[in-house]
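**Q** I'd like to ask you about the structure that follows.
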Amino acid sequence: MATAAVAPRTMSDAEWEARQQLAAAYRVFDHLGWSEMIYNHITLKVPGEDHAFLINPFGLHFSEVKASNLVKIDIDGNKLDDSPYPVNRAGFVQHAVFHRNLPDVHCIMHTHTTAGMAVSSLEGGLQPINFYACNFAGQIAYHDFEGVTVRDEEGARLVANLGDKRMLLLRNHGIVAMGRTLPEAFIKHWSLQRACEIQLATLSMGKPLTVPPEVIAVHQRDLHMAQVPGGPGAADFAAMVRLVDRVDTSWRE
């Protein structure tokens, strides 16, 4: 793996590390085909700074995001650095309301993948008809589409509909995955994306086999035994970073 660049003197080592991790996530998402032109967002709280988080510069493709060009903003959308790039209001409004109200959420990922948007637009949403979907049975919240998320007043409804869950399908819109760490949010997004892809494939062929609730309960109970040590998603995300590093390490700059 390439050597990490030294943190600029204008920021803490912790912020630079967070910037590199977030920039890597954008490159991983692009590698996986989850880019959506210059839209969609992954945000990450800045360690040790209340109500400060990092977001992608509006106007750049995921493949162009680097540690140095991420934008640091506060919970009200004010820039906290000298970035020349704007911030997409549609991304800020949705992410800021969750960062403001959910102290356990340090990373939020929102995408418009084809599979995620398709399942969010389907009556009944995600169905317990495959391995990955069973991971999320009873753990996904839904929020009805109200148009592009640029109005602050929608925030209260987003938080209310999320409740105590940390995975959200925005109806007719897409996936929102939240985590206590970026790797945790990543593996949750990856698993939900796979569940949606497999659901699309299954429903295209005919009537699916639904997994019974008692089997889902056993599945969820035992999932932890199939995890690699290091925390949820840590090994998975590290593997993907090694993969993108073999192609391009400019995200580290």
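Letters for chains follow the order of the structure tokens (A, B, ...), residue numbers begin at 1 for each chain, and ligand numbers begin at 1 in the order shown.
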Counting only C-alpha atoms, which residues in segment 192-211 of chain A sit no more than 12 Å from segment 102-113 of chain A? For each one, give the nearest pair of atoms and the distance in Å, sorted by chain then residue number, as JSON lines.
**A**
{"residue": "A:Leu192", "atom": "CA", "partner": "A:Thr113", "partner_atom": "CA", "distance": 11.0}
{"residue": "A:Gln193", "atom": "CA", "partner": "A:Thr113", "partner_atom": "CA", "distance": 7.9}
{"residue": "A:Arg194", "atom": "CA", "partner": "A:Thr113", "partner_atom": "CA", "distance": 10.8}
{"residue": "A:Cys196", "atom": "CA", "partner": "A:Thr113", "partner_atom": "CA", "distance": 9.6}
{"residue": "A:Glu197", "atom": "CA", "partner": "A:Thr113", "partner_atom": "CA", "distance": 9.7}
**Q** Go through segment 110-199 of chain A residue by residue and, counting only C-alpha atoms, keep those with an atom at most 9 Å from segment 17-25 of chain A; for each kept residue give the shortest atom pair and its distance in Å to one decimal, ordered by chain and increasing number, as a Markdown table.
**A**
| residue | atom | partner | partner_atom | distance |
| --- | --- | --- | --- | --- |
| A:Leu182 | CA | A:Leu22 | CA | 7.6 |
| A:Pro183 | CA | A:Ala25 | CA | 8.8 |
| A:Phe186 | CA | A:Ala25 | CA | 8.1 |
**Q** At what distance in Å, to one decimal, does atom CA of Pro86 of chain A lie from atom CA of Leu60 of chain A?
**A**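 Atom CA of Leu60 of chain A sits 10.2 Å away from atom CA of Pro86 of chain A.
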**Q** Using only C-alpha atoms, which protein or nucleic acid residues come within 12 Å of Leu158 of chain A? Drop anything in the same chain fewer than 6 positions from it, and give the result as a list in words.
**A**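 Within the cut-off, the hits are Val93, Gln94, His95, Ala96, Val97, Phe98, Asn101, Leu102, Ala141, Tyr142, His143, Asp144, Phe145, Glu146, Thr149, Arg151, Asp152, Asp164, Lys165, Arg166, Met167, Leu168, Leu169, Leu170, Arg171 and Val176 of chain A.
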**Q** Which of segment 27-242 of chain A counts as strand (DSSP E or B) under DSSP, as a ChimeraX atom specification please?
**A** /A:36,39,41-45,52-55,71-74,79,107-111,141-143,167-170,174-179
**Q** I'd like to know which of A:Leu122, A:Met117, A:Ala217, A:Ile42 is closest to Phe92 of chain A, using only C-alpha atoms.
**A**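 With only C-alpha atoms as the atom set, the closest residue is A:Ile42.
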**Q** Can you work out the spacing between atom CA of His224 of chain A and atom CA of Phe29 of chain A in Å, to one decimal?
**A**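 Separating atom CA of His224 of chain A from atom CA of Phe29 of chain A is a distance of 24.7 Å.
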**Q** Could you name the residues that touch Val247 of chain A at 12 Å or less, counting only C-alpha atoms, but leaving out those on the same chain fewer than 2 positions away, as a list in words?
**A** Met1, Ala2, Arg27, Val28, His31, Ser63, Met240, Val241, Arg242, Leu243, Val244, Asp245, Thr249, Ser250 and Trp251 of chain A
